[in-house]
Structures are given as C-alpha cells and as structure tokens.
Amino acid sequence: MFEKAGIPRQLLWGYIGVMIFMMGDGIEQGWLSPYLVDHGMTVQQSATLFTVYGITIAISAWFSGVLAEGLGVKRTMALGLLLYCLGTVGFVGFGMPELNVPVMLLTYALRGFGYPLFAYTFLVWIAYASPQQQLGRAVGWFWFVFTGGLNVLGAYYSSWAITEFGHLNTLWTSLFWALLGAVFALLLNRGRSKAESQATGGSKMQELVKGLTIVKEEPKVLLGGIVRIINTTAQFAFPVFLPMYMARHGFDTTQWLTIWGTIFTSNIIFNLIFGFVGDRFGWRNTIMWFGGVGCAVSTLLFYYSPQIWENNYWMVMSAGILWGALLAGYVPLTALVPSLVKKDKGAAMAILNLGAGLPVFVGPAIVGLFIGAAGEEGVIWILAVLYVISAIITRFITLPDNAKTLHHHTQSAEKLQTI
C-alpha cells in the first residue's frame, strides 16, 4: 500500500519522525517575535535574531547534502539532532529568561543548524532509496510531512501549549518532540542508504568540495538551485508587507493569519497531489506550467483580489488557496535535480537544499530594495516575473538520455498495468 502511495517502505518511520521533529521545531514560529518585543527587545534586535537564524539554516541546508555523502545519512541526522538540542537548551535555559541578546544570538543560531541537517538529509536518503518512477511521489510525501509538521501541527500544538504550560515551558517541550522524532527516524528506521554505504570509502573532504564543484560538472544542477530559490521567495516576501496591505483593505490580523494558515493547509495537500502529477505529467512540465506559470498568475490574483472583489474575504481566501496549491507545483524539482547525476546525488541535493534556505533572505531583501521605489504593486510584479523566469529556466533542465528513457519506460509500464 505504501509503495503504491509513493513512500519507500523502509523509510515509512522516517517520514513520521520528520513530521514529529518539525512539529517541535515549528512551536515558536507564530509567536516568538512579538513575545520578545513585548518583553523588552527592540524590533531591530528581534529581526537580527531571525536573520542570524536564517543564515545558519541556509548554511546547514547546503551541508546536509554533502555531509550525507561524507558521514552517512544517519550520522548527519544525529548531528542535526545534537545541535538542535544544544541550541534549544542554551536559548531557552540561558538566553530567554534574562533576554541576554548575545547568548540568544549564539544559541538560536546553533539551533538553526539542527533541522536542515535532520530533515534535508532525510531528503537525500529518499533520493537514493526511491525508484525513479515514484521519486516525485516520495518527495511529495516529504514536503507534506515537513510543512505539515512545521507550519500546521507546530502552530496548532503551540496555540494549545502556551495556554497550558506558558511560553518558556512550551519551548522546552520542543526537545521532547525532537527526540521522539529521532526515535522514529533513526532507531525504527533500520535500513542503510546507498549514500551511507558509499560514504565509508571516500574522502570526506572530497565530498565537501563536490558540493561546490557539482555545479561546474553539471550546470543544470545550478539551474535547479536557482529555480528552487525562486520557488519560495514570495513565501518569505509576502509576510513583510502583505499584512499591512490587507489591513488597508479591511482584513484584520486574525483574518490575515487565518488566510495565511489556510494557504499552507492547501499547500501540504497539493504537495502530495503534484508528486503524483509530476510522475504522470512529467517533472519538468509540472514545474514549468503549474509551478512557474501558475504561481505567476496566482501571485497577481492574490494581490489584486481585495480590489477586484471589493474586500470579499472568501474570494481573497480562495485566491490565496490557489497560490498555495500552485506553489506545490515545484515539488517535482526535488526529484528532477538528483536525477541529473548518476552518482553524487548528495552534492546535487546540497545545491537544492541551499536553494531552499536562501529565500529566507532573498524574499525580504527584494521587499526592502524595491518597495520604496516601486511600491507594493511593483514588488508583486517583480515576484510574478521571477516565477515566469523560473519556468523559462526549467525548460533547459533536461534529464540525461538514460534517465529520460528509464522514466519514460516506467511511466509506460504503469499505464499498461492500469489498462
């Protein structure tokens, strides 16, 4: 049953573990910044804290791929767990009680190294363990559990836990969820990955270098990384200015948060759907048309919806849901990029994971650079044009002939079985 759904049977416990781990990591997302400001930190200090956190996430996202090859996936995931726990203990135990900013910056940055090494390394494991004909579905399930844990379960649990335990104690519980997730992903998952078995024979330093040189040896991997950056740039740009824009059009904070939360509920559902669509319709076609072109159109529609439908809450909500759904059109990129290389899939995934980490800065940076001169409308058009550019770039990310033939044959075999 799980194989047909696209989940490699030997990795089932890992998927569950990643969801639980990311739930713990997502506990503070919705309230930490206003909590810190309410308790005496300046907005600038809070912004600096999250900027440093984002930097370590981007660095760790890149290392996750190359360390998976150099250390093996389980050791790298265990390293991520260790850094996450050490950072959490330091941040919650020594930084937050007295709002000691230097300690908070250091320990929250350390915590930021944790989840990419844990979750994105598991993504490398998926790339090695999944048959090519179901890789799109396998990565779709990954993004389902990743986003579902981080943005959905973490938020719901946190809204309950804060009232029951208080803010600091809620943060302490993130250790429990991280350790429980590791039990599922590292102890109950007993299989070895190809990355792990290869890693013991090679030089670990060579694997780190490979994470950079892969873009010269296979330039299409670099193109995939650029598309991955564009994929979620708007996701990190929108919260910087859209809440104020929506407020001017009659939507209060609660309504905006409901819209934003519903967008990502839609997104995690369509992460699965586009995993299946990608395996049937073609990975590249799905990324170009649903992801690139679809997001360009729905980005504009989401922005203009309060004006077109005169502050109609449900029409704005529907436009947001559409954008969240089409954002998942990029899911097959995680199947396409590692399939560009026969070996060194971890190095290819390192570039892709770096692309997943960089939008944390790129999105807000675009807003900061252009909103003064171009206004909110100009920023929206820049984001829409970037989506179109990503569709054009994807046109040139073609599979090698052997991989293309394999993918075509497996699709044909599946269609014959269906008939």
# chains A, B, ... in the order shown; residues from 1 in each chain; ligands from 1
>>> residues_around(residues="Gly112 of chain A", least_positions_apart="3", cutoff="6 Å", atoms="only C-alpha atoms", output="ChimeraX atom specification")
/A:53,56-57,109
>>> residues_around(residues="Val293 of chain A", least_positions_apart="2", cutoff="12 Å", atoms="only C-alpha atoms", output="PyMOL selection string")
chain A and resi 231+285-291+295-300+323+326-327+329-330+383-394
>>> select_by_dssp(residues="segment 164-289 of chain A", states="alpha helix (DSSP H)", output="short mmCIF file (atom, residue, chain, number, x, y, z; two decimals) with N, CA, C and O atoms, in the first residue's frame")
data_model
loop_
_atom_site.label_atom_id
_atom_site.label_comp_id
_atom_site.auth_asym_id
_atom_site.auth_seq_id
_atom_site.Cartn_x
_atom_site.Cartn_y
_atom_site.Cartn_z
N GLU A 164 -1.54 26.23 28.35
CA GLU A 164 -1.40 25.20 29.37
C GLU A 164 -0.09 25.28 30.14
O GLU A 164 -0.06 25.09 31.35
N PHE A 165 1.02 25.55 29.43
CA PHE A 165 2.35 25.49 30.04
C PHE A 165 3.04 26.84 30.18
O PHE A 165 3.98 26.98 30.97
N HIS A 167 4.91 30.22 27.83
CA HIS A 167 5.77 30.33 26.65
C HIS A 167 7.09 29.57 26.81
O HIS A 167 7.46 28.78 25.93
N LEU A 168 7.80 29.78 27.91
CA LEU A 168 9.10 29.13 28.07
C LEU A 168 8.97 27.62 28.17
O LEU A 168 9.75 26.87 27.57
N ASN A 169 8.01 27.16 28.94
CA ASN A 169 7.82 25.71 29.07
C ASN A 169 7.39 25.07 27.76
O ASN A 169 7.74 23.91 27.48
N THR A 170 6.64 25.81 26.96
CA THR A 170 6.28 25.30 25.63
C THR A 170 7.53 25.09 24.79
O THR A 170 7.67 24.08 24.08
N LEU A 171 8.47 26.05 24.87
CA LEU A 171 9.72 25.88 24.14
C LEU A 171 10.51 24.67 24.64
O LEU A 171 11.15 23.97 23.84
N TRP A 172 10.48 24.43 25.95
CA TRP A 172 11.17 23.25 26.48
C TRP A 172 10.60 21.96 25.89
O TRP A 172 11.34 21.00 25.67
N THR A 173 9.29 21.93 25.64
CA THR A 173 8.69 20.70 25.12
C THR A 173 9.17 20.38 23.71
O THR A 173 9.02 19.25 23.24
N SER A 174 9.75 21.39 23.02
CA SER A 174 10.26 21.10 21.67
C SER A 174 11.36 20.04 21.72
O SER A 174 11.54 19.27 20.76
N LEU A 175 12.08 19.95 22.84
CA LEU A 175 13.10 18.90 22.99
C LEU A 175 12.46 17.52 22.97
O LEU A 175 13.01 16.58 22.36
N PHE A 176 11.33 17.39 23.64
CA PHE A 176 10.64 16.10 23.66
C PHE A 176 10.24 15.67 22.25
O PHE A 176 10.47 14.52 21.84
N TRP A 177 9.67 16.61 21.50
CA TRP A 177 9.21 16.26 20.14
C TRP A 177 10.38 15.96 19.22
O TRP A 177 10.30 15.06 18.38
N ALA A 178 11.48 16.70 19.38
CA ALA A 178 12.65 16.44 18.54
C ALA A 178 13.22 15.05 18.83
O ALA A 178 13.55 14.29 17.91
N LEU A 179 13.32 14.69 20.12
CA LEU A 179 13.86 13.38 20.48
C LEU A 179 12.92 12.26 20.04
O LEU A 179 13.37 11.20 19.58
N LEU A 180 11.61 12.48 20.18
CA LEU A 180 10.65 11.47 19.75
C LEU A 180 10.73 11.27 18.24
O LEU A 180 10.71 10.12 17.74
N GLY A 181 10.86 12.36 17.50
CA GLY A 181 11.01 12.25 16.05
C GLY A 181 12.25 11.47 15.67
O GLY A 181 12.26 10.67 14.74
N ALA A 182 13.34 11.69 16.43
CA ALA A 182 14.59 10.98 16.16
C ALA A 182 14.46 9.49 16.44
O ALA A 182 15.07 8.66 15.75
N LYS A 194 22.14 4.03 0.30
CA LYS A 194 23.30 3.92 -0.58
C LYS A 194 24.32 5.00 -0.26
O LYS A 194 25.51 4.80 -0.37
N ALA A 195 23.82 6.18 0.13
CA ALA A 195 24.74 7.26 0.49
C ALA A 195 25.62 6.84 1.64
O ALA A 195 26.82 7.10 1.67
N GLU A 196 25.02 6.13 2.62
CA GLU A 196 25.78 5.71 3.80
C GLU A 196 26.84 4.69 3.43
O GLU A 196 27.96 4.73 3.90
N SER A 197 26.46 3.73 2.57
CA SER A 197 27.41 2.68 2.24
C SER A 197 28.55 3.22 1.38
O SER A 197 29.66 2.76 1.47
N GLN A 198 28.27 4.24 0.53
CA GLN A 198 29.32 4.82 -0.29
C GLN A 198 30.26 5.70 0.53
O GLN A 198 31.43 5.82 0.23
N ALA A 199 29.70 6.31 1.57
CA ALA A 199 30.46 7.33 2.28
C ALA A 199 31.69 6.78 2.98
O ALA A 199 32.66 7.47 3.15
N LYS A 204 36.11 12.43 3.01
CA LYS A 204 35.03 13.34 3.45
C LYS A 204 35.27 14.75 2.92
O LYS A 204 34.34 15.47 2.60
N MET A 205 36.53 15.15 2.82
CA MET A 205 36.82 16.48 2.29
C MET A 205 36.44 16.57 0.82
O MET A 205 35.93 17.59 0.35
N GLN A 206 36.66 15.49 0.07
CA GLN A 206 36.27 15.48 -1.34
C GLN A 206 34.77 15.66 -1.49
O GLN A 206 34.31 16.32 -2.42
N GLU A 207 34.02 15.07 -0.57
CA GLU A 207 32.56 15.21 -0.65
C GLU A 207 32.14 16.66 -0.40
O GLU A 207 31.21 17.17 -1.02
N LEU A 208 32.84 17.34 0.53
CA LEU A 208 32.52 18.74 0.78
C LEU A 208 32.82 19.59 -0.45
O LEU A 208 32.05 20.48 -0.82
N VAL A 209 33.96 19.32 -1.09
CA VAL A 209 34.33 20.06 -2.30
C VAL A 209 33.33 19.75 -3.42
O VAL A 209 32.96 20.63 -4.20
N LYS A 210 32.90 18.51 -3.48
CA LYS A 210 31.96 18.10 -4.53
C LYS A 210 30.66 18.91 -4.44
O LYS A 210 30.01 19.18 -5.46
N GLY A 211 30.29 19.32 -3.23
CA GLY A 211 29.08 20.11 -3.06
C GLY A 211 29.17 21.46 -3.76
O GLY A 211 28.15 22.12 -3.97
N LEU A 212 30.39 21.90 -4.10
CA LEU A 212 30.58 23.14 -4.85
C LEU A 212 30.87 22.88 -6.32
O LEU A 212 30.34 23.54 -7.20
N THR A 213 31.73 21.88 -6.59
CA THR A 213 32.15 21.63 -7.97
C THR A 213 31.07 20.98 -8.81
O THR A 213 31.16 20.99 -10.04
N ILE A 214 30.04 20.42 -8.18
CA ILE A 214 28.98 19.76 -8.94
C ILE A 214 28.31 20.72 -9.92
O ILE A 214 27.88 20.33 -11.00
N VAL A 215 28.26 22.02 -9.58
CA VAL A 215 27.59 22.98 -10.47
C VAL A 215 28.42 23.25 -11.72
O VAL A 215 27.87 23.65 -12.76
N LYS A 216 29.75 23.01 -11.64
CA LYS A 216 30.59 23.16 -12.83
C LYS A 216 30.51 21.91 -13.70
O LYS A 216 30.43 21.99 -14.93
N GLU A 217 30.47 20.75 -13.04
CA GLU A 217 30.40 19.49 -13.78
C GLU A 217 29.03 19.28 -14.41
O GLU A 217 28.92 18.70 -15.48
N PRO A 219 26.02 21.85 -14.96
CA PRO A 219 25.42 23.19 -14.78
C PRO A 219 23.90 23.16 -14.56
O PRO A 219 23.36 24.09 -13.97
N LYS A 220 23.25 22.11 -15.01
CA LYS A 220 21.79 22.03 -14.83
C LYS A 220 21.41 21.94 -13.35
O LYS A 220 20.32 22.34 -12.96
N VAL A 221 22.33 21.41 -12.54
CA VAL A 221 22.09 21.38 -11.09
C VAL A 221 22.01 22.80 -10.55
O VAL A 221 21.17 23.11 -9.70
N LEU A 222 22.89 23.68 -11.06
CA LEU A 222 22.85 25.09 -10.65
C LEU A 222 21.52 25.73 -11.06
O LEU A 222 20.91 26.49 -10.30
N LEU A 223 21.06 25.42 -12.28
CA LEU A 223 19.77 25.94 -12.73
C LEU A 223 18.65 25.49 -11.79
O LEU A 223 17.76 26.27 -11.45
N GLY A 224 18.72 24.23 -11.37
CA GLY A 224 17.73 23.71 -10.43
C GLY A 224 17.76 24.46 -9.10
O GLY A 224 16.72 24.75 -8.51
N GLY A 225 18.97 24.80 -8.64
CA GLY A 225 19.11 25.57 -7.40
C GLY A 225 18.49 26.95 -7.52
O GLY A 225 17.84 27.45 -6.59
N ILE A 226 18.68 27.60 -8.69
CA ILE A 226 18.10 28.93 -8.91
C ILE A 226 16.57 28.86 -8.91
O ILE A 226 15.89 29.69 -8.30
N VAL A 227 16.03 27.84 -9.58
CA VAL A 227 14.57 27.66 -9.60
C VAL A 227 14.05 27.43 -8.18
O VAL A 227 12.99 27.94 -7.80
N ARG A 228 14.82 26.68 -7.39
CA ARG A 228 14.39 26.40 -6.01
C ARG A 228 14.36 27.68 -5.18
O ARG A 228 13.48 27.85 -4.32
N ILE A 229 15.28 28.59 -5.40
CA ILE A 229 15.27 29.87 -4.69
C ILE A 229 14.00 30.65 -5.04
O ILE A 229 13.30 31.17 -4.16
N ILE A 230 13.70 30.73 -6.33
CA ILE A 230 12.52 31.48 -6.77
C ILE A 230 11.24 30.86 -6.21
O ILE A 230 10.29 31.57 -5.86
N ASN A 231 11.21 29.54 -6.11
CA ASN A 231 10.05 28.79 -5.63
C ASN A 231 9.43 29.43 -4.37
O ASN A 231 8.23 29.73 -4.34
N THR A 232 10.22 29.66 -3.33
CA THR A 232 9.66 30.14 -2.06
C THR A 232 10.06 31.57 -1.71
O THR A 232 9.86 32.01 -0.59
N THR A 233 10.61 32.30 -2.68
CA THR A 233 10.96 33.70 -2.42
C THR A 233 9.73 34.50 -2.00
O THR A 233 9.75 35.27 -1.03
N ALA A 234 8.63 34.34 -2.73
CA ALA A 234 7.40 35.08 -2.40
C ALA A 234 6.87 34.67 -1.02
O ALA A 234 6.29 35.49 -0.30
N GLN A 235 7.06 33.41 -0.65
CA GLN A 235 6.58 32.92 0.65
C GLN A 235 7.20 33.72 1.80
O GLN A 235 6.55 33.95 2.82
N PHE A 236 8.46 34.14 1.62
CA PHE A 236 9.13 34.91 2.67
C PHE A 236 9.02 36.41 2.44
O PHE A 236 9.28 37.20 3.35
N ALA A 237 8.64 36.81 1.22
CA ALA A 237 8.42 38.24 0.95
C ALA A 237 7.04 38.69 1.39
O ALA A 237 6.89 39.79 1.95
N PHE A 238 6.03 37.87 1.16
CA PHE A 238 4.65 38.26 1.47
C PHE A 238 4.45 38.75 2.91
O PHE A 238 3.83 39.79 3.12
N PRO A 239 4.93 38.01 3.93
CA PRO A 239 4.64 38.45 5.30
C PRO A 239 5.26 39.79 5.67
O PRO A 239 4.84 40.40 6.65
N VAL A 240 6.21 40.27 4.88
CA VAL A 240 6.86 41.54 5.19
C VAL A 240 5.93 42.73 4.93
O VAL A 240 5.95 43.72 5.64
N PHE A 241 5.07 42.61 3.88
CA PHE A 241 4.26 43.76 3.53
C PHE A 241 2.78 43.46 3.29
O PHE A 241 1.94 44.36 3.40
N LEU A 242 2.42 42.22 2.99
CA LEU A 242 1.01 41.92 2.69
C LEU A 242 0.07 42.12 3.89
O LEU A 242 -1.07 42.54 3.69
N PRO A 243 0.50 41.83 5.14
CA PRO A 243 -0.44 42.08 6.26
C PRO A 243 -0.90 43.54 6.32
O PRO A 243 -2.08 43.81 6.57
N MET A 244 0.00 44.48 6.07
CA MET A 244 -0.37 45.89 6.09
C MET A 244 -1.27 46.24 4.91
O MET A 244 -2.22 47.00 5.03
N TYR A 245 -0.95 45.67 3.75
CA TYR A 245 -1.77 45.88 2.56
C TYR A 245 -3.19 45.35 2.79
O TYR A 245 -4.19 46.02 2.48
N MET A 246 -3.29 44.15 3.34
CA MET A 246 -4.60 43.56 3.61
C MET A 246 -5.36 44.37 4.66
O MET A 246 -6.59 44.52 4.57
N ALA A 247 -4.65 44.90 5.65
CA ALA A 247 -5.30 45.71 6.69
C ALA A 247 -5.95 46.96 6.09
O ALA A 247 -7.04 47.36 6.49
N ARG A 248 -5.27 47.54 5.11
CA ARG A 248 -5.83 48.73 4.46
C ARG A 248 -7.06 48.41 3.62
O ARG A 248 -7.84 49.28 3.28
N THR A 253 -5.81 41.41 11.63
CA THR A 253 -4.70 40.45 11.81
C THR A 253 -5.20 39.01 11.88
O THR A 253 -4.61 38.10 11.29
N THR A 254 -6.31 38.81 12.61
CA THR A 254 -6.85 37.45 12.75
C THR A 254 -7.27 36.88 11.40
O THR A 254 -6.98 35.72 11.08
N GLN A 255 -7.91 37.70 10.59
CA GLN A 255 -8.34 37.23 9.26
C GLN A 255 -7.13 36.93 8.38
O GLN A 255 -7.10 35.93 7.66
N TRP A 256 -6.12 37.80 8.45
CA TRP A 256 -4.91 37.56 7.66
C TRP A 256 -4.23 36.25 8.08
O TRP A 256 -3.83 35.46 7.23
N LEU A 257 -4.09 36.02 9.40
CA LEU A 257 -3.46 34.79 9.87
C LEU A 257 -4.25 33.56 9.46
O LEU A 257 -3.69 32.51 9.14
N THR A 258 -5.56 33.68 9.46
CA THR A 258 -6.40 32.56 9.01
C THR A 258 -6.17 32.28 7.53
O THR A 258 -6.05 31.12 7.11
N ILE A 259 -6.11 33.34 6.74
CA ILE A 259 -5.83 33.18 5.30
C ILE A 259 -4.47 32.53 5.11
O ILE A 259 -4.32 31.56 4.35
N TRP A 260 -3.45 33.04 5.82
CA TRP A 260 -2.08 32.53 5.67
C TRP A 260 -2.00 31.06 6.10
O TRP A 260 -1.34 30.26 5.44
N GLY A 261 -2.65 30.72 7.20
CA GLY A 261 -2.65 29.33 7.65
C GLY A 261 -3.36 28.41 6.67
O GLY A 261 -2.91 27.28 6.41
N THR A 262 -4.46 28.88 6.10
CA THR A 262 -5.22 28.06 5.14
C THR A 262 -4.43 27.86 3.86
O THR A 262 -4.51 26.81 3.22
N ILE A 263 -3.64 28.87 3.48
CA ILE A 263 -2.79 28.75 2.30
C ILE A 263 -1.87 27.53 2.43
O ILE A 263 -1.71 26.73 1.50
N PHE A 264 -1.29 27.35 3.62
CA PHE A 264 -0.33 26.25 3.78
C PHE A 264 -1.01 24.92 4.09
O PHE A 264 -0.41 23.87 3.89
N THR A 265 -2.25 24.96 4.52
CA THR A 265 -3.02 23.72 4.57
C THR A 265 -3.26 23.23 3.15
O THR A 265 -3.12 22.05 2.84
N SER A 266 -3.62 24.17 2.27
CA SER A 266 -3.77 23.84 0.85
C SER A 266 -2.45 23.34 0.28
O SER A 266 -2.40 22.36 -0.48
N ASN A 267 -1.36 24.00 0.65
CA ASN A 267 -0.05 23.66 0.11
C ASN A 267 0.37 22.23 0.45
O ASN A 267 0.87 21.50 -0.42
N ILE A 268 0.16 21.80 1.71
CA ILE A 268 0.61 20.46 2.06
C ILE A 268 -0.23 19.39 1.37
O ILE A 268 0.27 18.32 1.02
N ILE A 269 -1.50 19.67 1.12
CA ILE A 269 -2.34 18.72 0.39
C ILE A 269 -1.85 18.59 -1.05
O ILE A 269 -1.68 17.48 -1.58
N PHE A 270 -1.55 19.73 -1.67
CA PHE A 270 -1.12 19.70 -3.07
C PHE A 270 0.34 19.27 -3.22
O PHE A 270 0.76 18.91 -4.32
N ASN A 271 1.12 19.30 -2.13
CA ASN A 271 2.45 18.68 -2.20
C ASN A 271 2.33 17.21 -2.60
O ASN A 271 3.14 16.69 -3.36
N LEU A 272 1.33 16.55 -2.06
CA LEU A 272 1.09 15.14 -2.41
C LEU A 272 0.56 15.03 -3.83
O LEU A 272 1.01 14.20 -4.63
N ILE A 273 -0.44 15.85 -4.15
CA ILE A 273 -1.09 15.75 -5.45
C ILE A 273 -0.09 15.99 -6.58
O ILE A 273 -0.04 15.24 -7.56
N PHE A 274 0.76 17.02 -6.43
CA PHE A 274 1.71 17.31 -7.50
C PHE A 274 2.86 16.31 -7.54
O PHE A 274 3.56 16.22 -8.55
N GLY A 275 3.09 15.57 -6.45
CA GLY A 275 4.02 14.46 -6.53
C GLY A 275 3.52 13.41 -7.51
O GLY A 275 4.26 12.91 -8.36
N PHE A 276 2.23 13.10 -7.44
CA PHE A 276 1.62 12.14 -8.38
C PHE A 276 1.54 12.74 -9.79
O PHE A 276 1.83 12.06 -10.77
N VAL A 277 1.12 14.01 -9.88
CA VAL A 277 1.01 14.66 -11.19
C VAL A 277 2.36 14.69 -11.88
O VAL A 277 2.46 14.41 -13.08
N GLY A 278 3.42 14.99 -11.13
CA GLY A 278 4.76 15.05 -11.71
C GLY A 278 5.20 13.72 -12.29
O GLY A 278 5.80 13.66 -13.37
N ASP A 279 4.90 12.63 -11.59
CA ASP A 279 5.27 11.31 -12.09
C ASP A 279 4.49 10.93 -13.34
O ASP A 279 4.94 10.10 -14.14
N ARG A 280 3.32 11.50 -13.53
CA ARG A 280 2.48 11.18 -14.69
C ARG A 280 2.65 12.18 -15.83
O ARG A 280 2.79 11.81 -17.00
N PHE A 281 2.61 13.47 -15.50
CA PHE A 281 2.61 14.53 -16.49
C PHE A 281 4.03 14.90 -16.91
O PHE A 281 4.25 15.55 -17.94
N TRP A 283 8.02 15.65 -14.72
CA TRP A 283 8.52 16.54 -13.68
C TRP A 283 8.69 17.96 -14.20
O TRP A 283 8.25 18.93 -13.60
N ARG A 284 9.37 18.06 -15.37
CA ARG A 284 9.68 19.37 -15.93
C ARG A 284 8.41 20.13 -16.31
O ARG A 284 8.26 21.32 -16.04
N ASN A 285 7.48 19.44 -16.96
CA ASN A 285 6.23 20.08 -17.36
C ASN A 285 5.45 20.60 -16.15
O ASN A 285 4.85 21.68 -16.18
#
>>> residues_around(residues="Lys345 of chain A", least_positions_apart="2", cutoff="12 Å", atoms="only C-alpha atoms", output="VMD selection string")
chain A and resid 64 to 70 121 123 to 129 194 to 195 198 207 210 to 211 214 218 221 334 to 343 347 to 353
>>> write_last_selection(atoms="N, CA and C atoms", output="short mmCIF file (atom, residue, chain, number, x, y, z; two decimals), in the first residue's frame")
data_model
loop_
_atom_site.label_atom_id
_atom_site.label_comp_id
_atom_site.auth_asym_id
_atom_site.auth_seq_id
_atom_site.Cartn_x
_atom_site.Cartn_y
_atom_site.Cartn_z
N SER A 64 23.83 19.72 4.56
CA SER A 64 23.06 18.49 4.73
C SER A 64 23.30 17.50 3.60
N GLY A 65 23.41 18.03 2.37
CA GLY A 65 23.64 17.14 1.24
C GLY A 65 25.03 16.56 1.22
N VAL A 66 26.05 17.40 1.41
CA VAL A 66 27.42 16.90 1.30
C VAL A 66 27.80 16.05 2.50
N LEU A 67 27.29 16.38 3.68
CA LEU A 67 27.59 15.55 4.86
C LEU A 67 26.90 14.19 4.77
N ALA A 68 25.74 14.16 4.11
CA ALA A 68 25.07 12.87 3.93
C ALA A 68 25.96 11.91 3.16
N GLU A 69 26.71 12.45 2.18
CA GLU A 69 27.65 11.63 1.42
C GLU A 69 28.91 11.32 2.23
N GLY A 70 29.37 12.31 3.01
CA GLY A 70 30.65 12.17 3.71
C GLY A 70 30.56 11.40 5.01
N THR A 121 18.66 16.07 5.19
CA THR A 121 19.47 14.86 4.99
C THR A 121 18.58 13.66 4.72
N LEU A 123 15.92 13.84 3.13
CA LEU A 123 15.53 14.02 1.73
C LEU A 123 16.56 13.38 0.79
N VAL A 124 17.85 13.47 1.16
CA VAL A 124 18.89 12.79 0.39
C VAL A 124 18.67 11.28 0.44
N TRP A 125 18.32 10.78 1.60
CA TRP A 125 18.04 9.35 1.77
C TRP A 125 16.90 8.93 0.85
N ILE A 126 15.88 9.75 0.77
CA ILE A 126 14.75 9.45 -0.13
C ILE A 126 15.23 9.38 -1.57
N ALA A 127 16.10 10.33 -1.97
CA ALA A 127 16.58 10.37 -3.35
C ALA A 127 17.32 9.09 -3.72
N TYR A 128 18.03 8.50 -2.76
CA TYR A 128 18.75 7.25 -3.02
C TYR A 128 17.82 6.03 -2.96
N ALA A 129 16.85 6.06 -2.07
CA ALA A 129 16.07 4.85 -1.79
C ALA A 129 14.88 4.66 -2.72
N LYS A 194 22.14 4.03 0.30
CA LYS A 194 23.30 3.92 -0.58
C LYS A 194 24.32 5.00 -0.26
N ALA A 195 23.82 6.18 0.13
CA ALA A 195 24.74 7.26 0.49
C ALA A 195 25.62 6.84 1.64
N GLN A 198 28.27 4.24 0.53
CA GLN A 198 29.32 4.82 -0.29
C GLN A 198 30.26 5.70 0.53
N GLU A 207 34.02 15.07 -0.57
CA GLU A 207 32.56 15.21 -0.65
C GLU A 207 32.14 16.66 -0.40
N LYS A 210 32.90 18.51 -3.48
CA LYS A 210 31.96 18.10 -4.53
C LYS A 210 30.66 18.91 -4.44
N GLY A 211 30.29 19.32 -3.23
CA GLY A 211 29.08 20.11 -3.06
C GLY A 211 29.17 21.46 -3.76
N ILE A 214 30.04 20.42 -8.18
CA ILE A 214 28.98 19.76 -8.94
C ILE A 214 28.31 20.72 -9.92
N GLU A 218 27.99 19.72 -13.72
CA GLU A 218 26.63 19.58 -14.23
C GLU A 218 25.89 20.90 -14.01
N VAL A 221 22.33 21.41 -12.54
CA VAL A 221 22.09 21.38 -11.09
C VAL A 221 22.01 22.80 -10.55
N THR A 334 12.52 18.40 -6.64
CA THR A 334 13.33 17.58 -5.74
C THR A 334 13.57 16.19 -6.31
N ALA A 335 12.77 15.78 -7.26
CA ALA A 335 13.00 14.53 -7.98
C ALA A 335 13.88 14.77 -9.21
N LEU A 336 13.67 15.89 -9.87
CA LEU A 336 14.37 16.17 -11.13
C LEU A 336 15.86 16.40 -10.92
N VAL A 337 16.24 17.22 -9.96
CA VAL A 337 17.64 17.62 -9.81
C VAL A 337 18.57 16.45 -9.46
N PRO A 338 18.25 15.61 -8.46
CA PRO A 338 19.16 14.48 -8.21
C PRO A 338 19.19 13.47 -9.35
N SER A 339 18.18 13.47 -10.20
CA SER A 339 18.17 12.56 -11.34
C SER A 339 19.06 13.04 -12.48
N LEU A 340 19.60 14.24 -12.37
CA LEU A 340 20.50 14.77 -13.38
C LEU A 340 21.87 14.12 -13.31
N VAL A 341 22.20 13.50 -12.16
CA VAL A 341 23.50 12.88 -11.97
C VAL A 341 23.34 11.41 -11.61
N LYS A 342 24.29 10.59 -12.07
CA LYS A 342 24.24 9.16 -11.76
C LYS A 342 24.69 8.90 -10.33
N LYS A 343 25.75 9.59 -9.93
CA LYS A 343 26.22 9.49 -8.54
C LYS A 343 26.28 10.91 -7.99
N ALA A 347 25.53 15.71 -3.40
CA ALA A 347 26.05 17.02 -3.81
C ALA A 347 25.00 17.80 -4.57
N ALA A 348 24.26 17.11 -5.44
CA ALA A 348 23.17 17.78 -6.16
C ALA A 348 22.09 18.27 -5.19
N MET A 349 21.77 17.44 -4.20
CA MET A 349 20.77 17.83 -3.21
C MET A 349 21.28 18.97 -2.34
N ALA A 350 22.61 19.05 -2.16
CA ALA A 350 23.17 20.15 -1.37
C ALA A 350 22.84 21.49 -2.02
N ILE A 351 22.98 21.57 -3.33
CA ILE A 351 22.65 22.81 -4.05
C ILE A 351 21.16 23.09 -3.95
N LEU A 352 20.35 22.05 -4.08
CA LEU A 352 18.90 22.22 -3.99
C LEU A 352 18.49 22.67 -2.58
N ASN A 353 19.10 22.07 -1.57
CA ASN A 353 18.79 22.44 -0.19
C ASN A 353 19.26 23.86 0.13
#
>>> residues_around(residues="Gln44 of chain A", least_positions_apart="6", cutoff="12 Å", atoms="only C-alpha atoms", output="ChimeraX atom specification")
/A:33,36-37,50-51,101
>>> write_last_selection(atoms="C-alpha atoms", output="compact mmCIF listing (two decimals), in the first residue's frame")
# COMPACT_ATOMS: atom_id res chain seq x y z
CA SER A 33 8.96 37.67 17.68
CA LEU A 36 10.39 39.09 22.58
CA VAL A 37 9.31 42.62 21.66
CA PHE A 50 15.89 35.80 12.96
CA THR A 51 18.38 36.97 10.35
CA VAL A 101 20.86 39.11 23.45
>>> atom_distance(atom1="atom CA of Pro116 of chain A", atom2="atom CA of Leu83 of chain A")
10.7 Å
>>> closest_residue(among="A:Gly140, A:Pro97, A:Gly363, A:Gly24", to="Tyr84 of chain A", atoms="only C-alpha atoms")
A:Gly24
>>> closest_atom_pairs(of="segment 36-90 of chain A", to="segment 2-21 of chain A", cutoff="12 Å", atoms="only C-alpha atoms", output="CSV")
residue,atom,partner,partner_atom,distance
A:Val73,CA,A:Gly14,CA,11.6
A:Lys74,CA,A:Gly14,CA,10.7
A:Met77,CA,A:Val18,CA,10.3
A:Gly80,CA,A:Phe21,CA,10.9
A:Leu81,CA,A:Phe21,CA,9.1
A:Tyr84,CA,A:Phe21,CA,10.3
A:Cys85,CA,A:Phe21,CA,11.4
>>> atom_distance(atom1="atom CA of Phe184 of chain A", atom2="atom CA of Phe94 of chain A")
29.3 Å
